[in-house]
Amino acid sequence: MGEFTDKLKGAANEAIGNVKQAVGKGTDNHDLEAEGHAQEAKGEMQHAKGDVKGGVKKVVDKI
């Protein structure tokens, strides 16, 4: 996967995770809320992975 794809998937997982957290809080569903936290963290890691790929590409392009 490329930088853009990782960042896009990361943003989607972060957004879905935030929704799950809100619904979990609103319905007092602790499992759903925890699932939302986990999905948001996954999205943050995917986004960071895209940032790293972009940084590596810039370094390689300079060489």
# chains A, B, ... in the order shown; residues from 1 in each chain; ligands from 1

$ residues_around --residues "Lys49 of chain A" --least-positions-apart "5" --cutoff "9 Å" --atoms "only C-alpha atoms" --output "ChimeraX atom specification"
/A:3,6-7,10,44,54

$ write_last_selection --atoms "N, CA and C atoms" --output "short mmCIF file (atom, residue, chain, number, x, y, z; two decimals), in the first residue's frame"
data_model
loop_
_atom_site.label_atom_id
_atom_site.label_comp_id
_atom_site.auth_asym_id
_atom_site.auth_seq_id
_atom_site.Cartn_x
_atom_site.Cartn_y
_atom_site.Cartn_z
N GLU A 3 1.48 5.53 0.54
CA GLU A 3 1.31 6.54 1.59
C GLU A 3 -0.15 7.02 1.66
N ASP A 6 -2.63 4.35 3.01
CA ASP A 6 -2.51 4.16 4.45
C ASP A 6 -3.17 5.31 5.21
N LYS A 7 -2.93 6.52 4.75
CA LYS A 7 -3.51 7.68 5.42
C LYS A 7 -5.05 7.68 5.30
N GLY A 10 -6.43 5.00 7.52
CA GLY A 10 -6.26 5.46 8.89
C GLY A 10 -7.33 6.46 9.29
N GLU A 44 -4.89 5.55 13.88
CA GLU A 44 -3.76 6.43 14.14
C GLU A 44 -2.46 5.78 13.70
N GLY A 54 5.84 8.35 3.45
CA GLY A 54 6.05 9.62 2.75
C GLY A 54 7.42 10.19 3.05
#

$ residues_around --residues "Thr5 of chain A" --least-positions-apart "3" --cutoff "10 Å" --atoms "only C-alpha atoms" --output "compact mmCIF listing (two decimals) with C-alpha atoms, in the first residue's frame"
# COMPACT_ATOMS: atom_id res chain seq x y z
CA MET A 1 0.00 0.00 0.00
CA GLY A 2 1.11 3.51 -0.62
CA LEU A 8 -6.99 7.25 3.92
CA LYS A 9 -7.61 3.93 5.69
CA GLY A 10 -6.26 5.46 8.89
CA ALA A 11 -8.63 8.41 8.69
CA GLN A 46 -2.15 3.44 9.85
CA HIS A 47 -1.91 7.22 9.46
CA GLY A 50 1.59 6.59 5.78

$ residues_around --residues "Leu32 of chain A" --least-positions-apart "5" --cutoff "9 Å" --atoms "only C-alpha atoms" --output "list of chain:residue names"
A:Lys20, A:Gln21, A:Val23, A:Gly24, A:Lys25, A:His37

$ residues_around --residues "Gln39 of chain A" --least-positions-apart "5" --cutoff "10 Å" --atoms "only C-alpha atoms" --output "PyMOL selection string"
chain A and resi 10+12-18+20-21+33-34+44-45
